[in-house]
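Engineer: What follows is the file target_35.cif, containing mmCIF, C-alpha atoms:
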data_upload
loop_
_atom_site.label_atom_id
_atom_site.label_comp_id
_atom_site.auth_asym_id
_atom_site.auth_seq_id
_atom_site.Cartn_x
_atom_site.Cartn_y
_atom_site.Cartn_z
CA MET A 12 40.30 104.80 138.60
CA ALA A 13 41.04 101.51 136.81
CA PHE A 14 39.88 103.06 133.54
CA GLY A 15 42.12 106.07 134.13
CA LYS A 16 45.13 103.84 134.74
CA TYR A 17 44.29 101.79 131.62
CA HIS A 18 43.96 104.97 129.56
CA SER A 19 47.35 106.22 130.82
CA ILE A 20 49.03 102.94 129.91
CA LEU A 21 47.40 102.97 126.48
CA LEU A 22 48.55 106.56 125.88
CA MET A 23 52.07 105.62 126.96
CA LEU A 24 52.13 102.68 124.52
CA VAL A 25 50.98 104.95 121.68
CA ILE A 26 53.76 107.45 122.50
CA ILE A 27 56.35 104.67 122.63
CA SER A 28 55.07 103.30 119.32
CA MET A 29 55.24 106.73 117.69
CA SER A 30 58.70 107.29 119.11
CA SER A 31 60.02 103.95 117.88
CA SER A 32 58.59 104.56 114.41
CA CYS A 33 60.52 107.82 114.24
CA HIS A 34 63.71 106.03 115.24
CA ALA A 35 63.18 102.80 113.33
CA GLN A 36 66.17 100.49 113.34
CA LEU A 37 68.00 99.71 110.14
CA SER A 38 67.91 96.05 109.12
CA SER A 39 69.78 93.96 106.55
CA THR A 40 66.44 92.32 105.61
CA PHE A 41 64.56 95.60 105.06
CA TYR A 42 63.85 94.98 101.34
CA ASP A 43 63.46 91.18 101.46
CA LYS A 44 59.69 91.37 100.95
CA MET A 45 59.26 94.82 99.41
CA CYS A 46 61.96 94.44 96.75
CA PRO A 47 63.69 91.02 96.88
CA ASN A 48 65.77 91.72 93.76
CA ALA A 49 67.10 95.10 94.95
CA LEU A 50 70.54 93.96 96.12
CA ASN A 51 71.22 91.80 93.06
CA THR A 52 70.20 94.66 90.79
CA ILE A 53 72.53 97.10 92.56
CA ARG A 54 75.38 94.56 92.57
CA THR A 55 75.12 94.04 88.81
CA ALA A 56 75.26 97.80 88.15
CA ILE A 57 78.28 98.26 90.45
CA ARG A 58 80.18 95.29 89.03
CA THR A 59 79.62 96.56 85.50
CA ALA A 60 80.93 100.04 86.38
CA ILE A 61 84.05 98.72 88.14
CA SER A 62 84.74 96.28 85.31
CA ARG A 63 84.91 99.32 83.02
CA GLU A 64 87.09 101.36 85.40
CA ARG A 65 88.68 99.68 88.41
CA ARG A 66 89.41 103.01 90.10
CA MET A 67 85.64 103.45 90.49
CA ALA A 68 85.71 101.07 93.48
CA ALA A 69 87.67 103.63 95.52
CA SER A 70 85.39 106.44 94.34
CA LEU A 71 82.20 104.64 95.43
CA ILE A 72 83.55 103.80 98.89
CA ARG A 73 84.63 107.43 99.28
CA LEU A 74 81.24 108.72 98.07
CA HIS A 75 79.47 106.77 100.83
CA PHE A 76 81.97 108.09 103.40
CA HIS A 77 81.56 111.70 102.24
CA ASP A 78 77.79 111.29 102.39
CA CYS A 79 77.67 109.83 105.91
CA PHE A 80 80.00 112.41 107.46
CA VAL A 81 77.77 115.31 106.36
CA GLN A 82 74.39 115.29 108.20
CA GLY A 83 74.34 111.49 108.21
CA CYS A 84 73.93 108.75 105.59
CA ASP A 85 71.10 110.47 103.71
CA ALA A 86 72.31 110.74 100.08
CA SER A 87 72.61 114.53 100.47
CA ILE A 88 75.88 114.48 98.50
CA LEU A 89 74.02 113.22 95.44
CA LEU A 90 71.76 116.28 95.13
CA LYS A 91 72.77 118.52 92.23
CA ASP A 92 71.21 121.53 93.95
CA GLY A 93 72.16 120.59 97.50
CA GLY A 94 75.48 122.44 97.51
CA GLU A 95 77.57 119.56 98.87
CA ARG A 96 78.90 118.54 95.45
CA GLU A 97 80.42 121.99 95.02
CA ALA A 98 81.89 122.19 98.54
CA ALA A 99 85.71 122.21 98.53
CA PRO A 100 86.25 118.61 99.75
CA ASN A 101 84.00 117.28 96.96
CA ASN A 102 84.31 119.74 94.06
CA ASN A 103 86.12 118.16 91.08
CA SER A 104 87.07 115.36 93.48
CA ALA A 105 84.13 113.18 94.52
CA ARG A 106 83.25 110.75 91.71
CA GLY A 107 80.78 108.01 90.88
CA TYR A 108 77.54 110.00 90.82
CA GLU A 109 76.59 108.57 87.43
CA VAL A 110 77.17 105.00 88.67
CA ILE A 111 74.73 105.53 91.58
CA ASP A 112 72.26 107.23 89.21
CA ASN A 113 72.38 104.19 86.93
CA ALA A 114 71.97 101.74 89.83
CA LYS A 115 68.93 103.73 90.95
CA LEU A 116 67.50 103.66 87.42
CA GLN A 117 67.82 99.88 87.30
CA VAL A 118 66.26 99.43 90.75
CA GLU A 119 63.36 101.72 89.84
CA LYS A 120 62.55 99.40 86.93
CA VAL A 121 62.24 96.50 89.37
CA CYS A 122 60.61 98.27 92.36
CA PRO A 123 59.54 101.85 91.71
CA GLY A 124 59.65 104.19 94.71
CA VAL A 125 60.90 101.62 97.22
CA VAL A 126 64.71 101.73 97.53
CA SER A 127 66.38 104.91 98.77
CA CYS A 128 69.47 106.46 97.20
CA ALA A 129 71.10 106.46 100.65
CA ASP A 130 70.76 102.67 100.79
CA ILE A 131 72.05 102.30 97.24
CA LEU A 132 75.16 104.26 98.25
CA ALA A 133 75.70 101.98 101.25
CA VAL A 134 75.27 98.80 99.21
CA ALA A 135 77.46 100.16 96.40
CA ALA A 136 80.35 100.73 98.84
CA ARG A 137 80.13 97.11 100.04
CA ASP A 138 79.89 95.73 96.49
CA ALA A 139 82.82 97.91 95.40
CA SER A 140 84.95 96.52 98.21
CA VAL A 141 84.16 92.92 97.27
CA MET A 142 84.78 93.58 93.58
CA VAL A 143 88.44 94.50 94.22
CA GLY A 144 89.23 91.84 96.79
CA GLY A 145 88.05 93.58 99.94
CA PRO A 146 85.73 92.32 102.67
CA SER A 147 81.97 91.92 102.50
CA TRP A 148 79.48 92.75 105.24
CA ASN A 149 75.73 92.73 105.83
CA VAL A 150 74.60 96.23 104.93
CA LYS A 151 71.88 97.52 107.23
CA LEU A 152 69.06 99.07 105.21
CA GLY A 153 66.01 101.25 105.63
CA ARG A 154 67.51 104.73 105.26
CA ARG A 155 65.51 107.45 103.58
CA ASP A 156 66.80 110.35 101.48
CA SER A 157 67.20 113.94 102.62
CA THR A 158 65.57 116.84 100.80
CA THR A 159 68.46 119.25 101.43
CA GLY A 160 72.24 119.24 101.35
CA ASN A 161 74.59 120.98 103.79
CA PRO A 162 77.65 122.53 102.09
CA SER A 163 78.81 124.28 105.29
CA LYS A 164 78.95 120.94 107.15
CA ALA A 165 80.91 119.48 104.24
CA LEU A 166 83.57 122.10 104.99
CA THR A 167 83.63 121.48 108.74
CA ASP A 168 82.88 117.75 109.15
CA LEU A 169 84.89 116.02 106.42
CA PRO A 170 88.47 115.21 107.52
CA PHE A 171 91.15 117.46 106.01
CA PHE A 172 94.06 115.93 104.04
CA GLY A 173 96.55 117.91 106.13
CA ALA A 174 94.99 117.19 109.53
CA ASP A 175 97.07 116.09 112.50
CA LEU A 176 96.32 112.90 114.43
CA GLN A 177 94.37 114.43 117.31
CA THR A 178 92.15 116.37 114.90
CA LEU A 179 91.40 113.19 112.95
CA ILE A 180 90.58 111.28 116.13
CA SER A 181 88.25 114.10 117.19
CA ASP A 182 86.60 114.30 113.74
CA PHE A 183 85.71 110.61 113.89
CA ALA A 184 84.75 110.67 117.58
CA ARG A 185 82.12 113.31 116.78
CA LYS A 186 80.51 110.75 114.47
CA GLY A 187 80.60 108.02 117.10
CA LEU A 188 83.65 106.29 115.63
CA SER A 189 86.73 105.20 117.59
CA ALA A 190 90.40 105.75 116.79
CA ARG A 191 90.54 102.10 115.64
CA ASP A 192 87.55 102.72 113.34
CA MET A 193 89.37 105.76 111.98
CA VAL A 194 92.55 103.81 111.19
CA ALA A 195 90.57 100.94 109.66
CA LEU A 196 88.49 103.29 107.48
CA SER A 197 91.66 105.15 106.43
CA GLY A 198 92.75 101.77 105.06
CA ALA A 199 90.36 102.42 102.16
CA HIS A 200 93.31 104.47 100.87
CA THR A 201 94.76 101.15 99.79
CA LEU A 202 92.66 102.04 96.72
CA GLY A 203 92.40 105.04 94.46
CA GLN A 204 94.28 108.20 93.57
CA ALA A 205 94.82 111.64 95.04
CA GLN A 206 95.31 114.99 93.32
CA CYS A 207 98.65 116.78 93.57
CA PHE A 208 97.32 119.71 95.59
CA THR A 209 96.26 117.34 98.40
CA PHE A 210 99.76 115.93 98.98
CA ARG A 211 102.06 118.75 97.77
CA GLY A 212 102.57 120.11 101.29
CA HIS A 213 103.57 116.67 102.52
CA ILE A 214 106.13 115.84 99.81
CA TYR A 215 107.70 119.33 99.80
CA GLY A 216 107.48 119.88 103.55
CA ASN A 217 111.04 118.74 104.37
CA GLY A 218 109.62 116.81 107.30
CA THR A 219 111.18 113.74 108.84
CA ASN A 220 107.97 111.72 108.51
CA ILE A 221 108.39 110.96 104.78
CA ASP A 222 110.83 108.71 102.96
CA PRO A 223 113.11 110.98 100.82
CA GLY A 224 113.10 108.61 97.85
CA PHE A 225 109.31 108.36 97.97
CA ALA A 226 108.99 112.16 98.13
CA SER A 227 111.35 112.51 95.17
CA THR A 228 109.32 110.06 93.08
CA ARG A 229 106.07 111.85 93.83
CA LYS A 230 107.59 115.25 92.94
CA ARG A 231 108.03 114.13 89.32
CA ARG A 232 104.29 114.33 88.74
CA CYS A 233 103.54 117.00 91.33
CA PRO A 234 105.57 120.19 90.83
CA ALA A 235 105.97 122.77 93.58
CA SER A 236 103.44 124.90 91.69
CA GLY A 237 100.97 123.97 88.98
CA GLY A 238 99.69 120.54 88.07
CA ASP A 239 97.17 120.64 90.92
CA SER A 240 94.97 117.92 89.44
CA ASN A 241 97.80 115.51 88.53
CA LEU A 242 97.08 112.14 90.07
CA ALA A 243 99.18 109.75 92.15
CA PRO A 244 98.13 106.42 93.69
CA LEU A 245 97.42 106.49 97.43
CA ASP A 246 99.01 103.03 97.64
CA LEU A 247 102.08 102.91 95.43
CA VAL A 248 102.23 99.08 95.46
CA THR A 249 98.73 97.78 94.60
CA PRO A 250 96.51 100.82 93.96
CA ASN A 251 93.66 98.80 92.43
CA SER A 252 93.46 95.97 94.96
CA PHE A 253 92.03 96.00 98.47
CA ASP A 254 94.81 94.75 100.74
CA ASN A 255 96.91 95.89 103.70
CA ASN A 256 99.81 97.41 101.73
CA TYR A 257 98.61 100.87 102.76
CA PHE A 258 99.71 100.12 106.32
CA LYS A 259 103.02 98.62 105.21
CA ASN A 260 103.64 101.86 103.28
CA LEU A 261 102.96 103.96 106.38
CA MET A 262 105.55 101.98 108.35
CA GLN A 263 108.09 102.84 105.64
CA LYS A 264 107.08 106.54 105.76
CA LYS A 265 105.48 106.27 102.33
CA GLY A 266 102.03 107.62 103.11
CA LEU A 267 100.92 109.97 100.33
CA LEU A 268 98.78 112.37 102.34
CA ALA A 269 99.93 114.03 105.55
CA SER A 270 96.71 112.71 107.14
CA ASP A 271 97.78 109.20 106.14
CA GLN A 272 101.30 109.36 107.55
CA VAL A 273 100.22 110.85 110.91
CA LEU A 274 98.61 107.48 111.67
CA PHE A 275 102.16 106.13 112.05
CA SER A 276 104.35 108.91 113.36
CA GLY A 277 105.04 108.15 117.01
CA GLY A 278 101.45 108.64 118.13
CA SER A 279 98.67 106.62 119.75
CA THR A 280 97.64 104.82 116.55
CA ASP A 281 101.09 103.42 115.66
CA SER A 282 100.24 100.08 117.26
CA ILE A 283 97.04 99.71 115.19
CA VAL A 284 98.91 100.44 111.95
CA SER A 285 101.56 97.91 112.93
CA GLU A 286 98.89 95.33 113.74
CA TYR A 287 97.11 95.78 110.40
CA SER A 288 100.41 95.64 108.48
CA LYS A 289 101.07 92.19 109.93
CA ASN A 290 97.51 90.86 110.05
CA PRO A 291 95.49 91.54 106.88
CA ALA A 292 92.58 89.41 108.11
CA LYS A 293 92.20 91.60 111.21
CA PHE A 294 92.23 94.72 109.05
CA MET A 295 89.53 93.28 106.77
CA THR A 296 87.35 92.36 109.76
CA ASP A 297 87.77 95.75 111.42
CA PHE A 298 87.17 97.61 108.15
CA ALA A 299 83.86 95.80 107.59
CA ALA A 300 82.76 96.50 111.18
CA ALA A 301 83.73 100.17 110.86
CA MET A 302 81.80 100.52 107.60
CA ILE A 303 78.69 99.14 109.31
CA ARG A 304 79.12 101.64 112.16
CA MET A 305 79.69 104.47 109.69
CA GLY A 306 76.48 103.50 107.90
CA ASP A 307 74.63 104.02 111.20
CA ILE A 308 75.46 107.73 111.37
CA GLU A 309 72.21 109.72 111.71
CA PRO A 310 70.05 107.87 109.15
CA LEU A 311 66.62 109.21 108.23
CA THR A 312 64.01 106.51 108.89
CA GLY A 313 60.29 106.03 109.25
CA SER A 314 58.41 108.96 107.73
CA VAL A 315 61.35 111.40 107.80
CA GLY A 316 62.83 112.33 104.42
CA GLN A 317 61.68 110.68 101.19
CA ILE A 318 62.50 107.98 98.68
CA ARG A 319 63.83 110.00 95.75
CA LYS A 320 62.76 108.96 92.27
CA ILE A 321 66.12 110.05 90.92
CA CYS A 322 69.14 110.49 93.17
CA SER A 323 70.25 113.89 91.94
CA ALA A 324 67.00 115.75 92.74
CA VAL A 325 64.24 115.83 95.34
CA ASN A 326 60.81 114.58 94.31
#
So, in terms of structure tokens, how does the structure I just supplied come out?

Structural biologist:
Amino acid sequence: MAFGKYHSILLMLVIISMSSSCHAQLSSTFYDKMCPNALNTIRTAIRTAISRERRMAASLIRLHFHDCFVQGCDASILLKDGGEREAAPNNNSARGYEVIDNAKLQVEKVCPGVVSCADILAVAARDASVMVGGPSWNVKLGRRDSTTGNPSKALTDLPFFGADLQTLISDFARKGLSARDMVALSGAHTLGQAQCFTFRGHIYGNGTNIDPGFASTRKRRCPASGGDSNLAPLDLVTPNSFDNNYFKNLMQKKGLLASDQVLFSGGSTDSIVSEYSKNPAKFMTDFAAAMIRMGDIEPLTGSVGQIRKICSAVN
């Protein structure tokens, strides 16, 4: 009887151990012993890329976001044959693949087969933020890379540039992120550029939620038809610096995308936008916390997935 009870307890412990190994927790110290130079190596590659082209900071943060929102933070967006690159929200839009590929190449020289592409993406987003004056945070590590992409989820799970507020709140809630997380993460639009086709409907929509002078200025580079890929800064004041001007713009009805301006249009998130416009330190803190939470979306850990040798293809 005693032996039977002991055997049951032992079996239970084995099951718990197996279960916990399948759902291993991410940790900021994951590579400290296995590859102590990993983070410095990635940082050098990211700094070099952004020094060459400052806009790359926005692209790398966005690449991490677009990865995490489609079947979790698993580097699926990096696969050339995964289908996500060609999905409408990413095609001729997502950038920075070559920067991640180079960071991976450098890390492989230091520690072959140890550091995942998913982790490199997460670290690159943090380093990109810091490089342009944004916050830093302790990136949790230990993700593994997927072996497949999911182009259909890219179409359904990535927020749409014309979405209304409730849709955006729902999109983020499905990923375990709050409305405050959503507004904070949208603040990444203090950086980077958008293509004409993504904001044409907003500037020509004759709505009351856009400053007429701002709309007129944007129309010069974005005609009613044609010029789809013409670029405009998401933040018209400081497009290459991470600050809270994005929120100040929204309060003046100068949000470039419809999905930007809905954050301050008489709805439930107006107070958060107002808060961030007045308190840049609070925005920075909330952005960092939201990026950590976003990095926790459905990671592959333990023995699931693989550590790709190159980020654009499975092993």

Engineer: Find the spatial neighbours of A:Ile283, counting only C-alpha atoms, within a cut-off of 12 Å - ignore same-chain residues fewer than 4 positions away - and output them as a PDB file with C-alpha atoms, in the frame of the given file.

Structural biologist:
ATOM      1  CA  SER A 189      86.730 105.200 117.590  1.00  0.00           C
ATOM      2  CA  ALA A 190      90.400 105.750 116.790  1.00  0.00           C
ATOM      3  CA  ARG A 191      90.540 102.100 115.640  1.00  0.00           C
ATOM      4  CA  ASP A 192      87.550 102.720 113.340  1.00  0.00           C
ATOM      5  CA  MET A 193      89.370 105.760 111.980  1.00  0.00           C
ATOM      6  CA  VAL A 194      92.550 103.810 111.190  1.00  0.00           C
ATOM      7  CA  ALA A 195      90.570 100.940 109.660  1.00  0.00           C
ATOM      8  CA  SER A 197      91.660 105.150 106.430  1.00  0.00           C
ATOM      9  CA  GLY A 198      92.750 101.770 105.060  1.00  0.00           C
ATOM     10  CA  PHE A 258      99.710 100.120 106.320  1.00  0.00           C
ATOM     11  CA  LYS A 259     103.020  98.620 105.210  1.00  0.00           C
ATOM     12  CA  LEU A 261     102.960 103.960 106.380  1.00  0.00           C
ATOM     13  CA  MET A 262     105.550 101.980 108.350  1.00  0.00           C
ATOM     14  CA  LEU A 274      98.610 107.480 111.670  1.00  0.00           C
ATOM     15  CA  PHE A 275     102.160 106.130 112.050  1.00  0.00           C
ATOM     16  CA  SER A 276     104.350 108.910 113.360  1.00  0.00           C
ATOM     17  CA  GLY A 277     105.040 108.150 117.010  1.00  0.00           C
ATOM     18  CA  GLY A 278     101.450 108.640 118.130  1.00  0.00           C
ATOM     19  CA  SER A 279      98.670 106.620 119.750  1.00  0.00           C
ATOM     20  CA  TYR A 287      97.110  95.780 110.400  1.00  0.00           C
ATOM     21  CA  SER A 288     100.410  95.640 108.480  1.00  0.00           C
ATOM     22  CA  LYS A 289     101.070  92.190 109.930  1.00  0.00           C
ATOM     23  CA  ASN A 290      97.510  90.860 110.050  1.00  0.00           C
ATOM     24  CA  PRO A 291      95.490  91.540 106.880  1.00  0.00           C
ATOM     25  CA  LYS A 293      92.200  91.600 111.210  1.00  0.00           C
ATOM     26  CA  PHE A 294      92.230  94.720 109.050  1.00  0.00           C
ATOM     27  CA  ASP A 297      87.770  95.750 111.420  1.00  0.00           C
TER      28      ASP A 297
END

Engineer: As an exercise, work out the distance from atom CA of A:Asn251 to atom CA of A:Asn48 in Å and give it to one decimal place.

Structural biologist: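 A separation of 28.8 Å between them.
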
Engineer: Counting all atoms listed in the file, find the residues whose atoms lie at most 9 Å from (75.4, 102.2, 105.0) (file coordinates) and write them out as a PDB file with C-alpha atoms, keeping the file's coordinate frame.

Structural biologist:
ATOM      1  CA  HIS A  75      79.470 106.770 100.830  1.00  0.00           C
ATOM      2  CA  PHE A  76      81.970 108.090 103.400  1.00  0.00           C
ATOM      3  CA  CYS A  79      77.670 109.830 105.910  1.00  0.00           C
ATOM      4  CA  CYS A  84      73.930 108.750 105.590  1.00  0.00           C
ATOM      5  CA  ALA A 129      71.100 106.460 100.650  1.00  0.00           C
ATOM      6  CA  ASP A 130      70.760 102.670 100.790  1.00  0.00           C
ATOM      7  CA  ILE A 131      72.050 102.300  97.240  1.00  0.00           C
ATOM      8  CA  LEU A 132      75.160 104.260  98.250  1.00  0.00           C
ATOM      9  CA  ALA A 133      75.700 101.980 101.250  1.00  0.00           C
ATOM     10  CA  VAL A 134      75.270  98.800  99.210  1.00  0.00           C
ATOM     11  CA  ALA A 136      80.350 100.730  98.840  1.00  0.00           C
ATOM     12  CA  ARG A 137      80.130  97.110 100.040  1.00  0.00           C
ATOM     13  CA  VAL A 150      74.600  96.230 104.930  1.00  0.00           C
ATOM     14  CA  LYS A 151      71.880  97.520 107.230  1.00  0.00           C
ATOM     15  CA  LEU A 152      69.060  99.070 105.210  1.00  0.00           C
ATOM     16  CA  ARG A 154      67.510 104.730 105.260  1.00  0.00           C
ATOM     17  CA  MET A 302      81.800 100.520 107.600  1.00  0.00           C
ATOM     18  CA  ILE A 303      78.690  99.140 109.310  1.00  0.00           C
ATOM     19  CA  ARG A 304      79.120 101.640 112.160  1.00  0.00           C
ATOM     20  CA  MET A 305      79.690 104.470 109.690  1.00  0.00           C
ATOM     21  CA  GLY A 306      76.480 103.500 107.900  1.00  0.00           C
ATOM     22  CA  ASP A 307      74.630 104.020 111.200  1.00  0.00           C
ATOM     23  CA  ILE A 308      75.460 107.730 111.370  1.00  0.00           C
ATOM     24  CA  PRO A 310      70.050 107.870 109.150  1.00  0.00           C
TER      25      PRO A 310
END

Engineer: I'd like the interatomic distance between atom CA of A:Val141 and atom CA of A:Ser285, to a tenth of an Å.

Structural biologist: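 According to the coordinates, atom CA of A:Val141 and atom CA of A:Ser285 are separated by 23.9 Å.
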
Engineer: Could you state the separation of atom CA of A:Ala69 and atom CA of A:Gly237 in Å, given to one decimal place?

Structural biologist: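 Going from atom CA of A:Ala69 over to atom CA of A:Gly237, I get 25.2 Å.
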
Engineer: Nearest residue to A:Ala99 out of A:Leu71, A:Ala49, A:Ala135, A:Leu166, using only C-alpha atoms?

Structural biologist: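 Checking each of A:Leu71, A:Ala49, A:Ala135, A:Leu166 against A:Ala99, counting only C-alpha atoms, the winner is A:Leu166.
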
Engineer: So for stretch 264-278 of chain A, what box centre and size do we get, axis-aligned, 5 Å extra on each of the six sides, every listed atom, Å to one decimal, as AutoDock Vina command-line options?

Structural biologist:
--center_x 101.9 --center_y 110.1 --center_z 109.2 --size_x 20.4 --size_y 17.9 --size_z 27.8

Engineer: For a quick check of understanding, using all atoms listed in the file, which of A:Ser87, A:Ser140, A:Thr201, A:Asn149 has the smallest distance to A:Cys128?

Structural biologist: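 For A:Cys128, the nearest of the candidates is A:Ser87.
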
Engineer: Hey, what comes out of the PyMOL selection byres ((chain A and resi 168) around 7) on this file? Could you write it as a VMD selection string?

Structural biologist: chain A and resid 80 to 81 164 to 167 169 to 170 182

Engineer: Carefully work through the PyMOL selection byres ((chain A and resi 88-95) around 8) for this structure and note down the residues it includes, as a ChimeraX atom specification.

Structural biologist: /A:74,77-78,86-87,96-98,101,108,159-162,165,322-325

Engineer: With all atoms listed in the file as the atoms that count, which of A:Glu309, A:Pro250, A:Cys46, A:Asp239 lies nearest to A:Lys186?

Structural biologist: A:Glu309
